[in-house]
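Here the structure comes first, spelled out in structure tokens, and everything after it is commentary.
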Amino acid sequence: MSWLSECANEPPAETGYDELMGRTDAVVIGRNTYDSVLRFNDWPFGIKPVYVLTHRALAPLHNERALQCDIEQALRTVQA
């Protein structure tokens with residue numbers, strides 16, 4: 001996860017993040033990544049739907065949705 005912290009201070013356009021998010025309709029992340037991203041100063045996903053793979057309770061702060069399933073089912077849910 002150290003690469004997230006290393007990139008956090010770089011302009012998103014320089015990391016390729018802006019380009020990637022421009023081609024992304026939704027984000028699926030694991031709980032550990034989600035918890036790390038919550039420590040960022042700004043929510044990096046804008047208004048995109050964010051699905052968090054977790055078996056723990058989730059108190060959404062940005063309209064995130066918890067999914068308790070494997071990645072294949074998560075992708076089917078996101079694509080529906």
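Each chain of the structure tokens is named A, B, ... in the order shown, its residues numbered from 1; ligands are numbered from 1 in display order.
With only C-alpha atoms taken into account, the protein and nucleic acid residues at most 12 Å from Gly30 in chain A (excluding it and anything under 3 positions from it in its own chain) are Met1, Val27, Thr33, Tyr34, Asp35, Ser36, Val37, Val50, Tyr51, Val52, Leu53, Thr54, His55, Arg56, Leu58, Glu64, Arg65, Ala66, Leu67, Gln68, Cys69, Asp70, Ile71 and Ala74 of chain A.
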- Message: Using DSSP assignments from the backbone, pull out every residue in chain A that falls under strand (DSSP E or B) and give it to me as a list in words.
- Response: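 Everything in chain A that counts as strand (DSSP E or B) is Val27, Val28, Ile29, Gly30, Val50, Tyr51, Val52, Leu53, Arg65, Ala66 and Leu67 of chain A.
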- Query: Between CA of Lys48 in chain A and CA of Thr15 in chain A, what is the distance, to one decimal in Å?
  - Reply: 19.1 Å
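Take the candidates A:Ile47, A:Leu75, A:Ala80, A:Asp42 and check each one against Ile29 in chain A using only C-alpha atoms; the shortest distance goes to A:Leu75.
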- Task: Run DSSP on the backbone of this structure and report the residues of chain A it assigns to alpha helix (DSSP H), as number ranges by chain.
- Result: A: 2-7, 12-15, 17-22, 31-37, 71-79
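Between CA of Ala26 in chain A and CA of Val78 in chain A the interatomic distance comes to 7.3 Å.
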- Message: Taking only C-alpha atoms into account, name the residue in A:Arg76, A:Ala59, A:Pro44, A:Arg39 that is nearest to Tyr17 in chain A.
- Response: A:Pro44
- Task: Counting only C-alpha atoms, figure out which residue out of A:Asn9, A:Glu14, A:Met21, A:Arg31 gets nearest to Ala57 in chain A.
- Result: A:Arg31
- Message: Quick check, in Å to one decimal: how far apart do CA of Cys7 in chain A and CA of Leu61 in chain A lie?
- Response: 22.7 Å
